[in-house]
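Everything below belongs to structure_38.txt, which stores compact mmCIF, N, CA and C atoms.
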```
# COMPACT_ATOMS: atom_id res chain seq x y z
N ARG B 1 0.82 -1.19 0.00
CA ARG B 1 0.00 0.00 0.00
C ARG B 1 0.87 1.26 0.00
N VAL B 2 1.87 1.25 -0.86
CA VAL B 2 2.74 2.41 -0.98
C VAL B 2 2.61 2.93 -2.41
N GLU B 3 2.30 4.21 -2.52
CA GLU B 3 2.13 4.81 -3.85
C GLU B 3 3.38 4.58 -4.71
N GLY B 4 3.14 4.08 -5.92
CA GLY B 4 4.25 3.84 -6.84
C GLY B 4 4.86 2.46 -6.76
N LEU B 5 4.42 1.64 -5.78
CA LEU B 5 4.93 0.28 -5.65
C LEU B 5 3.79 -0.71 -5.76
N ALA B 6 3.98 -1.73 -6.57
CA ALA B 6 3.00 -2.80 -6.66
C ALA B 6 3.06 -3.64 -5.39
N PRO B 7 1.93 -4.20 -4.94
CA PRO B 7 1.98 -5.08 -3.77
C PRO B 7 2.92 -6.26 -4.02
N GLY B 8 3.69 -6.60 -3.03
CA GLY B 8 4.61 -7.72 -3.16
C GLY B 8 5.64 -7.71 -2.06
N LEU B 9 6.56 -8.65 -2.15
CA LEU B 9 7.68 -8.75 -1.22
C LEU B 9 8.91 -8.17 -1.89
N TYR B 10 9.50 -7.19 -1.24
CA TYR B 10 10.66 -6.50 -1.77
C TYR B 10 11.86 -6.75 -0.88
N ARG B 11 13.03 -6.75 -1.47
CA ARG B 11 14.29 -6.83 -0.73
C ARG B 11 14.97 -5.47 -0.89
N TYR B 12 15.48 -4.95 0.22
CA TYR B 12 16.24 -3.70 0.17
C TYR B 12 17.68 -3.99 -0.21
N LEU B 13 18.18 -3.27 -1.18
CA LEU B 13 19.56 -3.40 -1.63
C LEU B 13 20.34 -2.19 -1.12
N PRO B 14 21.04 -2.32 0.00
CA PRO B 14 21.66 -1.15 0.63
C PRO B 14 22.74 -0.48 -0.22
N LEU B 15 23.51 -1.22 -0.98
CA LEU B 15 24.55 -0.60 -1.77
C LEU B 15 23.98 0.25 -2.90
N ASP B 16 22.80 -0.13 -3.39
CA ASP B 16 22.14 0.63 -4.45
C ASP B 16 21.07 1.56 -3.91
N HIS B 17 20.76 1.46 -2.62
CA HIS B 17 19.66 2.18 -1.99
C HIS B 17 18.41 2.03 -2.87
N ALA B 18 18.04 0.78 -3.12
CA ALA B 18 16.93 0.46 -4.01
C ALA B 18 16.16 -0.74 -3.49
N LEU B 19 14.94 -0.88 -4.01
CA LEU B 19 14.12 -2.04 -3.69
C LEU B 19 14.08 -2.97 -4.88
N LEU B 20 14.12 -4.26 -4.60
CA LEU B 20 14.03 -5.29 -5.62
C LEU B 20 12.78 -6.12 -5.35
N LEU B 21 11.86 -6.17 -6.31
CA LEU B 21 10.67 -6.99 -6.15
C LEU B 21 11.09 -8.46 -6.22
N GLU B 22 10.86 -9.19 -5.14
CA GLU B 22 11.24 -10.60 -5.06
C GLU B 22 10.11 -11.50 -5.54
N GLN B 23 8.87 -11.22 -5.07
CA GLN B 23 7.74 -12.05 -5.44
C GLN B 23 6.44 -11.34 -5.13
N THR B 24 5.37 -11.81 -5.74
CA THR B 24 4.03 -11.26 -5.51
C THR B 24 3.10 -12.41 -5.11
N PRO B 25 3.21 -12.87 -3.88
CA PRO B 25 2.42 -14.03 -3.45
C PRO B 25 0.93 -13.71 -3.36
N ASP B 26 0.11 -14.73 -3.62
CA ASP B 26 -1.33 -14.61 -3.44
C ASP B 26 -1.63 -14.41 -1.96
N GLN B 27 -2.69 -13.66 -1.70
CA GLN B 27 -3.17 -13.42 -0.34
C GLN B 27 -2.06 -12.92 0.59
N LEU B 28 -1.29 -11.98 0.09
CA LEU B 28 -0.14 -11.47 0.85
C LEU B 28 -0.56 -10.92 2.21
N SER B 29 -1.59 -10.07 2.25
CA SER B 29 -2.00 -9.48 3.53
C SER B 29 -2.40 -10.56 4.53
N ALA B 30 -3.16 -11.54 4.08
CA ALA B 30 -3.60 -12.62 4.98
C ALA B 30 -2.41 -13.43 5.48
N ARG B 31 -1.43 -13.65 4.63
CA ARG B 31 -0.25 -14.41 5.04
C ARG B 31 0.60 -13.61 6.03
N VAL B 32 0.65 -12.29 5.86
CA VAL B 32 1.38 -11.45 6.82
C VAL B 32 0.69 -11.50 8.17
N VAL B 33 -0.64 -11.40 8.18
CA VAL B 33 -1.40 -11.48 9.43
C VAL B 33 -1.17 -12.83 10.10
N ALA B 34 -1.21 -13.90 9.34
CA ALA B 34 -0.98 -15.23 9.91
C ALA B 34 0.43 -15.32 10.50
N ALA B 35 1.43 -14.80 9.78
CA ALA B 35 2.80 -14.82 10.29
C ALA B 35 2.92 -14.00 11.57
N ALA B 36 2.11 -12.94 11.68
CA ALA B 36 2.13 -12.08 12.86
C ALA B 36 1.18 -12.58 13.95
N ARG B 37 0.84 -13.85 13.90
CA ARG B 37 -0.02 -14.50 14.90
C ARG B 37 -1.36 -13.79 15.06
N GLY B 38 -1.97 -13.43 13.91
CA GLY B 38 -3.30 -12.85 13.93
C GLY B 38 -3.37 -11.37 14.22
N GLN B 39 -2.26 -10.70 14.33
CA GLN B 39 -2.25 -9.27 14.59
C GLN B 39 -2.60 -8.55 13.27
N GLY B 40 -3.88 -8.22 13.12
CA GLY B 40 -4.43 -7.71 11.87
C GLY B 40 -3.75 -6.48 11.32
N PHE B 41 -3.28 -5.61 12.19
CA PHE B 41 -2.66 -4.38 11.72
C PHE B 41 -1.42 -4.64 10.87
N ALA B 42 -0.80 -5.81 11.04
CA ALA B 42 0.39 -6.14 10.25
C ALA B 42 0.04 -6.31 8.78
N GLY B 43 -1.17 -6.79 8.50
CA GLY B 43 -1.59 -6.97 7.12
C GLY B 43 -2.34 -5.78 6.55
N GLU B 44 -2.74 -4.85 7.42
CA GLU B 44 -3.47 -3.66 6.99
C GLU B 44 -2.57 -2.45 6.81
N ALA B 45 -1.35 -2.53 7.27
CA ALA B 45 -0.42 -1.40 7.22
C ALA B 45 -0.04 -1.07 5.77
N ALA B 46 0.49 0.12 5.58
CA ALA B 46 0.98 0.50 4.25
C ALA B 46 2.12 -0.42 3.84
N VAL B 47 2.96 -0.74 4.79
CA VAL B 47 4.11 -1.62 4.54
C VAL B 47 4.45 -2.34 5.84
N THR B 48 4.91 -3.55 5.73
CA THR B 48 5.41 -4.26 6.91
C THR B 48 6.84 -4.68 6.62
N PHE B 49 7.75 -4.23 7.46
CA PHE B 49 9.15 -4.57 7.32
C PHE B 49 9.42 -5.89 8.03
N PHE B 50 10.13 -6.77 7.36
CA PHE B 50 10.61 -8.01 7.96
C PHE B 50 12.12 -7.94 7.95
N TRP B 51 12.73 -8.15 9.12
CA TRP B 51 14.19 -8.23 9.18
C TRP B 51 14.59 -9.68 9.27
N THR B 52 15.62 -10.04 8.55
CA THR B 52 16.13 -11.40 8.59
C THR B 52 17.59 -11.38 9.00
N ALA B 53 18.06 -12.52 9.43
CA ALA B 53 19.46 -12.65 9.85
C ALA B 53 20.13 -13.77 9.08
N LEU B 54 21.38 -13.53 8.75
CA LEU B 54 22.29 -14.53 8.19
C LEU B 54 23.44 -14.63 9.19
N PRO B 55 23.32 -15.51 10.19
CA PRO B 55 24.30 -15.56 11.28
C PRO B 55 25.75 -15.69 10.83
N GLU B 56 26.01 -16.39 9.74
CA GLU B 56 27.41 -16.57 9.34
C GLU B 56 28.09 -15.24 9.01
N ARG B 57 27.30 -14.21 8.71
CA ARG B 57 27.89 -12.91 8.41
C ARG B 57 28.46 -12.23 9.66
N THR B 58 28.02 -12.64 10.83
CA THR B 58 28.57 -12.06 12.06
C THR B 58 29.43 -13.06 12.84
N GLU B 59 29.19 -14.34 12.62
CA GLU B 59 29.91 -15.35 13.40
C GLU B 59 31.42 -15.29 13.19
N TRP B 60 31.86 -14.98 12.00
CA TRP B 60 33.31 -14.94 11.73
C TRP B 60 34.01 -13.91 12.60
N ARG B 61 33.28 -12.84 12.95
CA ARG B 61 33.90 -11.78 13.74
C ARG B 61 33.58 -11.90 15.23
N TYR B 62 32.34 -12.23 15.56
CA TYR B 62 31.90 -12.17 16.95
C TYR B 62 31.75 -13.53 17.62
N GLY B 63 31.94 -14.61 16.88
CA GLY B 63 31.88 -15.94 17.47
C GLY B 63 30.59 -16.19 18.20
N GLU B 64 30.71 -16.67 19.44
CA GLU B 64 29.52 -17.00 20.24
C GLU B 64 28.67 -15.79 20.57
N ALA B 65 29.24 -14.61 20.52
CA ALA B 65 28.48 -13.39 20.82
C ALA B 65 27.67 -12.90 19.62
N SER B 66 27.79 -13.59 18.49
CA SER B 66 27.13 -13.10 17.27
C SER B 66 25.61 -13.01 17.42
N TYR B 67 25.01 -13.93 18.16
CA TYR B 67 23.55 -13.87 18.30
C TYR B 67 23.12 -12.65 19.10
N LYS B 68 23.93 -12.27 20.08
CA LYS B 68 23.64 -11.05 20.84
C LYS B 68 23.78 -9.83 19.93
N VAL B 69 24.81 -9.81 19.12
CA VAL B 69 25.04 -8.69 18.20
C VAL B 69 23.90 -8.58 17.19
N ILE B 70 23.45 -9.71 16.67
CA ILE B 70 22.33 -9.71 15.72
C ILE B 70 21.08 -9.12 16.38
N ALA B 71 20.78 -9.54 17.60
CA ALA B 71 19.60 -9.04 18.30
C ALA B 71 19.73 -7.54 18.57
N LEU B 72 20.90 -7.10 19.00
CA LEU B 72 21.11 -5.67 19.24
C LEU B 72 20.95 -4.86 17.96
N ASP B 73 21.54 -5.35 16.88
CA ASP B 73 21.43 -4.64 15.60
C ASP B 73 19.98 -4.54 15.14
N ALA B 74 19.22 -5.62 15.30
CA ALA B 74 17.80 -5.58 14.92
C ALA B 74 17.07 -4.52 15.74
N GLY B 75 17.36 -4.44 17.02
CA GLY B 75 16.74 -3.43 17.86
C GLY B 75 17.11 -2.02 17.44
N HIS B 76 18.38 -1.82 17.10
CA HIS B 76 18.82 -0.50 16.64
C HIS B 76 18.13 -0.11 15.33
N LEU B 77 18.03 -1.07 14.41
CA LEU B 77 17.36 -0.79 13.14
C LEU B 77 15.90 -0.41 13.37
N CYS B 78 15.24 -1.16 14.23
CA CYS B 78 13.83 -0.89 14.47
C CYS B 78 13.63 0.45 15.18
N GLN B 79 14.53 0.79 16.08
CA GLN B 79 14.44 2.10 16.74
C GLN B 79 14.57 3.22 15.72
N ASN B 80 15.45 3.05 14.75
CA ASN B 80 15.57 4.05 13.68
C ASN B 80 14.29 4.12 12.86
N LEU B 81 13.60 2.99 12.68
CA LEU B 81 12.32 3.03 11.98
C LEU B 81 11.31 3.84 12.78
N TYR B 82 11.28 3.67 14.09
CA TYR B 82 10.39 4.47 14.93
C TYR B 82 10.68 5.97 14.76
N LEU B 83 11.94 6.32 14.75
CA LEU B 83 12.33 7.72 14.59
C LEU B 83 11.93 8.26 13.22
N ALA B 84 12.15 7.47 12.17
CA ALA B 84 11.77 7.89 10.82
C ALA B 84 10.26 8.05 10.71
N CYS B 85 9.51 7.13 11.30
CA CYS B 85 8.06 7.23 11.28
C CYS B 85 7.58 8.51 11.94
N GLU B 86 8.14 8.81 13.08
CA GLU B 86 7.77 10.04 13.80
C GLU B 86 8.03 11.26 12.94
N ALA B 87 9.14 11.25 12.22
CA ALA B 87 9.52 12.40 11.39
C ALA B 87 8.55 12.64 10.24
N VAL B 88 7.88 11.60 9.75
CA VAL B 88 6.98 11.75 8.61
C VAL B 88 5.50 11.59 8.98
N GLY B 89 5.20 11.56 10.27
CA GLY B 89 3.82 11.46 10.72
C GLY B 89 3.21 10.08 10.54
N ALA B 90 4.05 9.07 10.57
CA ALA B 90 3.57 7.69 10.48
C ALA B 90 3.75 7.00 11.83
N GLY B 91 3.29 5.78 11.91
CA GLY B 91 3.44 5.02 13.14
C GLY B 91 3.91 3.62 12.84
N THR B 92 4.49 2.99 13.84
CA THR B 92 4.93 1.61 13.72
C THR B 92 4.74 0.91 15.05
N CYS B 93 4.81 -0.39 15.02
CA CYS B 93 4.73 -1.20 16.23
C CYS B 93 5.55 -2.46 15.99
N ALA B 94 6.68 -2.55 16.62
CA ALA B 94 7.56 -3.71 16.43
C ALA B 94 6.85 -4.98 16.91
N ILE B 95 7.06 -6.05 16.16
CA ILE B 95 6.44 -7.33 16.49
C ILE B 95 7.54 -8.38 16.64
N ALA B 96 7.66 -8.88 17.86
CA ALA B 96 8.59 -9.99 18.10
C ALA B 96 7.81 -11.29 18.30
N ALA B 97 6.49 -11.18 18.52
CA ALA B 97 5.64 -12.35 18.71
C ALA B 97 5.05 -12.74 17.36
N TYR B 98 5.81 -13.51 16.60
CA TYR B 98 5.37 -13.94 15.28
C TYR B 98 5.61 -15.44 15.17
N ASP B 99 4.98 -16.04 14.16
CA ASP B 99 5.16 -17.46 13.91
C ASP B 99 6.40 -17.64 13.04
N GLN B 100 7.44 -18.21 13.60
CA GLN B 100 8.72 -18.33 12.91
C GLN B 100 8.59 -19.05 11.57
N GLN B 101 7.91 -20.18 11.57
CA GLN B 101 7.79 -20.98 10.34
C GLN B 101 7.01 -20.23 9.26
N LEU B 102 5.88 -19.61 9.63
CA LEU B 102 5.08 -18.89 8.65
C LEU B 102 5.82 -17.68 8.10
N ALA B 103 6.53 -16.98 8.96
CA ALA B 103 7.30 -15.81 8.50
C ALA B 103 8.41 -16.25 7.54
N ASP B 104 9.15 -17.27 7.93
CA ASP B 104 10.23 -17.75 7.07
C ASP B 104 9.70 -18.28 5.75
N ASP B 105 8.59 -19.03 5.80
CA ASP B 105 7.99 -19.55 4.57
C ASP B 105 7.53 -18.43 3.65
N LEU B 106 6.91 -17.41 4.21
CA LEU B 106 6.44 -16.27 3.42
C LEU B 106 7.60 -15.63 2.66
N LEU B 107 8.75 -15.50 3.32
CA LEU B 107 9.90 -14.85 2.72
C LEU B 107 10.77 -15.80 1.91
N GLY B 108 10.45 -17.07 1.94
CA GLY B 108 11.24 -18.04 1.20
C GLY B 108 12.59 -18.33 1.84
N LEU B 109 12.62 -18.30 3.18
CA LEU B 109 13.86 -18.54 3.92
C LEU B 109 13.91 -19.97 4.41
N ASP B 110 15.12 -20.51 4.55
CA ASP B 110 15.24 -21.90 5.00
C ASP B 110 15.08 -22.06 6.51
N GLY B 111 15.16 -20.97 7.27
CA GLY B 111 14.99 -21.05 8.71
C GLY B 111 16.23 -21.47 9.48
N ASP B 112 17.28 -21.86 8.77
CA ASP B 112 18.54 -22.24 9.40
C ASP B 112 19.64 -21.26 9.06
N ASP B 113 19.98 -21.16 7.78
CA ASP B 113 21.03 -20.24 7.36
C ASP B 113 20.55 -18.79 7.35
N GLU B 114 19.27 -18.60 7.10
CA GLU B 114 18.66 -17.27 7.15
C GLU B 114 17.27 -17.43 7.73
N PHE B 115 16.90 -16.50 8.63
CA PHE B 115 15.60 -16.58 9.29
C PHE B 115 15.13 -15.20 9.69
N THR B 116 13.83 -15.09 9.85
CA THR B 116 13.20 -13.84 10.29
C THR B 116 13.57 -13.59 11.75
N ILE B 117 13.86 -12.31 12.08
CA ILE B 117 14.15 -12.00 13.48
C ILE B 117 13.24 -10.92 14.05
N TYR B 118 12.52 -10.18 13.20
CA TYR B 118 11.73 -9.06 13.70
C TYR B 118 10.84 -8.58 12.56
N LEU B 119 9.70 -8.01 12.89
CA LEU B 119 8.90 -7.34 11.87
C LEU B 119 8.23 -6.11 12.46
N ALA B 120 7.88 -5.19 11.58
CA ALA B 120 7.28 -3.94 12.03
C ALA B 120 6.43 -3.33 10.92
N PRO B 121 5.11 -3.29 11.13
CA PRO B 121 4.23 -2.62 10.17
C PRO B 121 4.36 -1.10 10.31
N VAL B 122 4.17 -0.40 9.22
CA VAL B 122 4.22 1.06 9.21
C VAL B 122 3.00 1.58 8.46
N GLY B 123 2.36 2.58 9.03
CA GLY B 123 1.21 3.20 8.36
C GLY B 123 0.97 4.59 8.89
N LYS B 124 0.00 5.23 8.28
CA LYS B 124 -0.36 6.57 8.72
C LYS B 124 -1.04 6.49 10.08
N VAL B 125 -0.80 7.49 10.89
CA VAL B 125 -1.41 7.56 12.21
C VAL B 125 -2.79 8.16 12.06
N ARG B 126 -3.80 7.48 12.62
CA ARG B 126 -5.17 8.00 12.55
C ARG B 126 -5.28 9.29 13.34
N GLN B 127 -5.90 10.26 12.72
CA GLN B 127 -6.15 11.53 13.40
C GLN B 127 -7.59 11.51 13.90
N GLU B 128 -7.78 11.56 15.21
CA GLU B 128 -9.13 11.49 15.78
C GLU B 128 -9.54 12.82 16.33
```

Would you kindly transcribe this structure into structure tokens?
Amino acid sequence: RVEGLAPGLYRYLPLDHALLLEQTPDQLSARVVAAARGQGFAGEAAVTFFWTALPERTEWRYGEASYKVIALDAGHLCQNLYLACEAVGAGTCAIAAYDQQLADDLLGLDGDDEFTIYLAPVGKVRQE
């Protein structure tokens, strides 16, 4: 639900600062809600961000502490999303209570080498 973007799953390419359309699954909103354990706002938002982890990218440097570093980085990224949302009059709500298998399946992840670690829907804040 973002102007100029077709509904689908996109991957962010940081070196190009661009989005790459990965797939356009059927019933995307319903699958996002299911992955978010029935939290409807995740499927109704303008966009829902899913963060994934590839542990081997940190394990070479941080060893056993890599899982802590991954969790901290995910938190830092999500905090920046909260700040960006505030700056543009949008809202977000981080979701850590999600169905791991459904989230990984939605994104086409194997759940071992790469897996979902966090998600956050973003939308306009209702003015009452």

Next on the checklist: Among chain B, which residues does DSSP mark as helix (DSSP H, G or I) when it is run on the backbone? Keep the chain and numbering as in the structure and answer as an NGL selection string.
Outcome noted: :B and (28-35 or 41-44 or 56-88 or 100-107)

Write the residues of the selection above to a file with N, CA and C atoms, as a compact mmCIF listing (two decimals), keeping the file's coordinate frame.
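To be explicit, this is the file written out as selection09.txt:
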```txt
# COMPACT_ATOMS: atom_id res chain seq x y z
N LEU B 28 -1.29 -11.98 0.09
CA LEU B 28 -0.14 -11.47 0.85
C LEU B 28 -0.56 -10.92 2.21
N SER B 29 -1.59 -10.07 2.25
CA SER B 29 -2.00 -9.48 3.53
C SER B 29 -2.40 -10.56 4.53
N ALA B 30 -3.16 -11.54 4.08
CA ALA B 30 -3.60 -12.62 4.98
C ALA B 30 -2.41 -13.43 5.48
N ARG B 31 -1.43 -13.65 4.63
CA ARG B 31 -0.25 -14.41 5.04
C ARG B 31 0.60 -13.61 6.03
N VAL B 32 0.65 -12.29 5.86
CA VAL B 32 1.38 -11.45 6.82
C VAL B 32 0.69 -11.50 8.17
N VAL B 33 -0.64 -11.40 8.18
CA VAL B 33 -1.40 -11.48 9.43
C VAL B 33 -1.17 -12.83 10.10
N ALA B 34 -1.21 -13.90 9.34
CA ALA B 34 -0.98 -15.23 9.91
C ALA B 34 0.43 -15.32 10.50
N ALA B 35 1.43 -14.80 9.78
CA ALA B 35 2.80 -14.82 10.29
C ALA B 35 2.92 -14.00 11.57
N PHE B 41 -3.28 -5.61 12.19
CA PHE B 41 -2.66 -4.38 11.72
C PHE B 41 -1.42 -4.64 10.87
N ALA B 42 -0.80 -5.81 11.04
CA ALA B 42 0.39 -6.14 10.25
C ALA B 42 0.04 -6.31 8.78
N GLY B 43 -1.17 -6.79 8.50
CA GLY B 43 -1.59 -6.97 7.12
C GLY B 43 -2.34 -5.78 6.55
N GLU B 44 -2.74 -4.85 7.42
CA GLU B 44 -3.47 -3.66 6.99
C GLU B 44 -2.57 -2.45 6.81
N GLU B 56 26.01 -16.39 9.74
CA GLU B 56 27.41 -16.57 9.34
C GLU B 56 28.09 -15.24 9.01
N ARG B 57 27.30 -14.21 8.71
CA ARG B 57 27.89 -12.91 8.41
C ARG B 57 28.46 -12.23 9.66
N THR B 58 28.02 -12.64 10.83
CA THR B 58 28.57 -12.06 12.06
C THR B 58 29.43 -13.06 12.84
N GLU B 59 29.19 -14.34 12.62
CA GLU B 59 29.91 -15.35 13.40
C GLU B 59 31.42 -15.29 13.19
N TRP B 60 31.86 -14.98 12.00
CA TRP B 60 33.31 -14.94 11.73
C TRP B 60 34.01 -13.91 12.60
N ARG B 61 33.28 -12.84 12.95
CA ARG B 61 33.90 -11.78 13.74
C ARG B 61 33.58 -11.90 15.23
N TYR B 62 32.34 -12.23 15.56
CA TYR B 62 31.90 -12.17 16.95
C TYR B 62 31.75 -13.53 17.62
N GLY B 63 31.94 -14.61 16.88
CA GLY B 63 31.88 -15.94 17.47
C GLY B 63 30.59 -16.19 18.20
N GLU B 64 30.71 -16.67 19.44
CA GLU B 64 29.52 -17.00 20.24
C GLU B 64 28.67 -15.79 20.57
N ALA B 65 29.24 -14.61 20.52
CA ALA B 65 28.48 -13.39 20.82
C ALA B 65 27.67 -12.90 19.62
N SER B 66 27.79 -13.59 18.49
CA SER B 66 27.13 -13.10 17.27
C SER B 66 25.61 -13.01 17.42
N TYR B 67 25.01 -13.93 18.16
CA TYR B 67 23.55 -13.87 18.30
C TYR B 67 23.12 -12.65 19.10
N LYS B 68 23.93 -12.27 20.08
CA LYS B 68 23.64 -11.05 20.84
C LYS B 68 23.78 -9.83 19.93
N VAL B 69 24.81 -9.81 19.12
CA VAL B 69 25.04 -8.69 18.20
C VAL B 69 23.90 -8.58 17.19
N ILE B 70 23.45 -9.71 16.67
CA ILE B 70 22.33 -9.71 15.72
C ILE B 70 21.08 -9.12 16.38
N ALA B 71 20.78 -9.54 17.60
CA ALA B 71 19.60 -9.04 18.30
C ALA B 71 19.73 -7.54 18.57
N LEU B 72 20.90 -7.10 19.00
CA LEU B 72 21.11 -5.67 19.24
C LEU B 72 20.95 -4.86 17.96
N ASP B 73 21.54 -5.35 16.88
CA ASP B 73 21.43 -4.64 15.60
C ASP B 73 19.98 -4.54 15.14
N ALA B 74 19.22 -5.62 15.30
CA ALA B 74 17.80 -5.58 14.92
C ALA B 74 17.07 -4.52 15.74
N GLY B 75 17.36 -4.44 17.02
CA GLY B 75 16.74 -3.43 17.86
C GLY B 75 17.11 -2.02 17.44
N HIS B 76 18.38 -1.82 17.10
CA HIS B 76 18.82 -0.50 16.64
C HIS B 76 18.13 -0.11 15.33
N LEU B 77 18.03 -1.07 14.41
CA LEU B 77 17.36 -0.79 13.14
C LEU B 77 15.90 -0.41 13.37
N CYS B 78 15.24 -1.16 14.23
CA CYS B 78 13.83 -0.89 14.47
C CYS B 78 13.63 0.45 15.18
N GLN B 79 14.53 0.79 16.08
CA GLN B 79 14.44 2.10 16.74
C GLN B 79 14.57 3.22 15.72
N ASN B 80 15.45 3.05 14.75
CA ASN B 80 15.57 4.05 13.68
C ASN B 80 14.29 4.12 12.86
N LEU B 81 13.60 2.99 12.68
CA LEU B 81 12.32 3.03 11.98
C LEU B 81 11.31 3.84 12.78
N TYR B 82 11.28 3.67 14.09
CA TYR B 82 10.39 4.47 14.93
C TYR B 82 10.68 5.97 14.76
N LEU B 83 11.94 6.32 14.75
CA LEU B 83 12.33 7.72 14.59
C LEU B 83 11.93 8.26 13.22
N ALA B 84 12.15 7.47 12.17
CA ALA B 84 11.77 7.89 10.82
C ALA B 84 10.26 8.05 10.71
N CYS B 85 9.51 7.13 11.30
CA CYS B 85 8.06 7.23 11.28
C CYS B 85 7.58 8.51 11.94
N GLU B 86 8.14 8.81 13.08
CA GLU B 86 7.77 10.04 13.80
C GLU B 86 8.03 11.26 12.94
N ALA B 87 9.14 11.25 12.22
CA ALA B 87 9.52 12.40 11.39
C ALA B 87 8.55 12.64 10.24
N VAL B 88 7.88 11.60 9.75
CA VAL B 88 6.98 11.75 8.61
C VAL B 88 5.50 11.59 8.98
N GLN B 100 7.44 -18.21 13.60
CA GLN B 100 8.72 -18.33 12.91
C GLN B 100 8.59 -19.05 11.57
N GLN B 101 7.91 -20.18 11.57
CA GLN B 101 7.79 -20.98 10.34
C GLN B 101 7.01 -20.23 9.26
N LEU B 102 5.88 -19.61 9.63
CA LEU B 102 5.08 -18.89 8.65
C LEU B 102 5.82 -17.68 8.10
N ALA B 103 6.53 -16.98 8.96
CA ALA B 103 7.30 -15.81 8.50
C ALA B 103 8.41 -16.25 7.54
N ASP B 104 9.15 -17.27 7.93
CA ASP B 104 10.23 -17.75 7.07
C ASP B 104 9.70 -18.28 5.75
N ASP B 105 8.59 -19.03 5.80
CA ASP B 105 7.99 -19.55 4.57
C ASP B 105 7.53 -18.43 3.65
N LEU B 106 6.91 -17.41 4.21
CA LEU B 106 6.44 -16.27 3.42
C LEU B 106 7.60 -15.63 2.66
N LEU B 107 8.75 -15.50 3.32
CA LEU B 107 9.90 -14.85 2.72
C LEU B 107 10.77 -15.80 1.91
```

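Of note, atom C of B:Ser29 and atom C of B:Ala71 are spaced 26.4 Å apart.
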
Item to check | Backbone DSSP call of strand (DSSP E or B) for stretch 2-128 of chain B, listed as a PyMOL selection string | outcome: chain B and resi 9-13+18-23+47-53+90-92+95+115-124

Neighbouring residues of B:Ala46 were defined as those with any atom within 8 Å, considering all atoms listed in the file; residues of the same chain fewer than 2 positions away were excluded. Please report them as a PDB file with N, CA and C atoms, keeping the file's coordinate frame.
```
ATOM      1  N   ARG B   1       0.820  -1.190   0.000  1.00  0.00           N
ATOM      2  CA  ARG B   1       0.000   0.000   0.000  1.00  0.00           C
ATOM      3  C   ARG B   1       0.870   1.260   0.000  1.00  0.00           C
ATOM      4  N   VAL B   2       1.870   1.250  -0.860  1.00  0.00           N
ATOM      5  CA  VAL B   2       2.740   2.410  -0.980  1.00  0.00           C
ATOM      6  C   VAL B   2       2.610   2.930  -2.410  1.00  0.00           C
ATOM      7  N   GLU B   3       2.300   4.210  -2.520  1.00  0.00           N
ATOM      8  CA  GLU B   3       2.130   4.810  -3.850  1.00  0.00           C
ATOM      9  C   GLU B   3       3.380   4.580  -4.710  1.00  0.00           C
ATOM     10  N   PHE B  41      -3.280  -5.610  12.190  1.00  0.00           N
ATOM     11  CA  PHE B  41      -2.660  -4.380  11.720  1.00  0.00           C
ATOM     12  C   PHE B  41      -1.420  -4.640  10.870  1.00  0.00           C
ATOM     13  N   ALA B  42      -0.800  -5.810  11.040  1.00  0.00           N
ATOM     14  CA  ALA B  42       0.390  -6.140  10.250  1.00  0.00           C
ATOM     15  C   ALA B  42       0.040  -6.310   8.780  1.00  0.00           C
ATOM     16  N   GLY B  43      -1.170  -6.790   8.500  1.00  0.00           N
ATOM     17  CA  GLY B  43      -1.590  -6.970   7.120  1.00  0.00           C
ATOM     18  C   GLY B  43      -2.340  -5.780   6.550  1.00  0.00           C
ATOM     19  N   GLU B  44      -2.740  -4.850   7.420  1.00  0.00           N
ATOM     20  CA  GLU B  44      -3.470  -3.660   6.990  1.00  0.00           C
ATOM     21  C   GLU B  44      -2.570  -2.450   6.810  1.00  0.00           C
ATOM     22  N   THR B  48       4.910  -3.550   5.730  1.00  0.00           N
ATOM     23  CA  THR B  48       5.410  -4.260   6.910  1.00  0.00           C
ATOM     24  C   THR B  48       6.840  -4.680   6.620  1.00  0.00           C
ATOM     25  N   PHE B  49       7.750  -4.230   7.460  1.00  0.00           N
ATOM     26  CA  PHE B  49       9.150  -4.570   7.320  1.00  0.00           C
ATOM     27  C   PHE B  49       9.420  -5.890   8.030  1.00  0.00           C
ATOM     28  N   PRO B 121       5.110  -3.290  11.130  1.00  0.00           N
ATOM     29  CA  PRO B 121       4.230  -2.620  10.170  1.00  0.00           C
ATOM     30  C   PRO B 121       4.360  -1.100  10.310  1.00  0.00           C
ATOM     31  N   VAL B 122       4.170  -0.400   9.220  1.00  0.00           N
ATOM     32  CA  VAL B 122       4.220   1.060   9.210  1.00  0.00           C
ATOM     33  C   VAL B 122       3.000   1.580   8.460  1.00  0.00           C
ATOM     34  N   GLY B 123       2.360   2.580   9.030  1.00  0.00           N
ATOM     35  CA  GLY B 123       1.210   3.200   8.360  1.00  0.00           C
ATOM     36  C   GLY B 123       0.970   4.590   8.890  1.00  0.00           C
ATOM     37  N   LYS B 124       0.000   5.230   8.280  1.00  0.00           N
ATOM     38  CA  LYS B 124      -0.360   6.570   8.720  1.00  0.00           C
ATOM     39  C   LYS B 124      -1.040   6.490  10.080  1.00  0.00           C
TER      40      LYS B 124
END
```

Next on the checklist: Residues within 12 Å of (-2.2, -13.9, 4.6), file coordinates, counting only C-alpha atoms: what are they? Give the list as a VMD selection string.
Outcome noted: chain B and resid 25 to 44 102 to 103 105 to 106

Item to check | Non-local contacts of B:Pro55 (10 Å; only C-alpha atoms; under 3 positions in same chain excluded) as a list of chain:residue names | outcome: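 Listed by chain and then number, they are B:Thr52, B:Thr58, B:Glu59, B:Trp60, B:Gly63, B:Ser66, B:Tyr67, B:Val69, B:Ile70, B:Asp112, B:Asp113, B:Glu114, B:Phe115.
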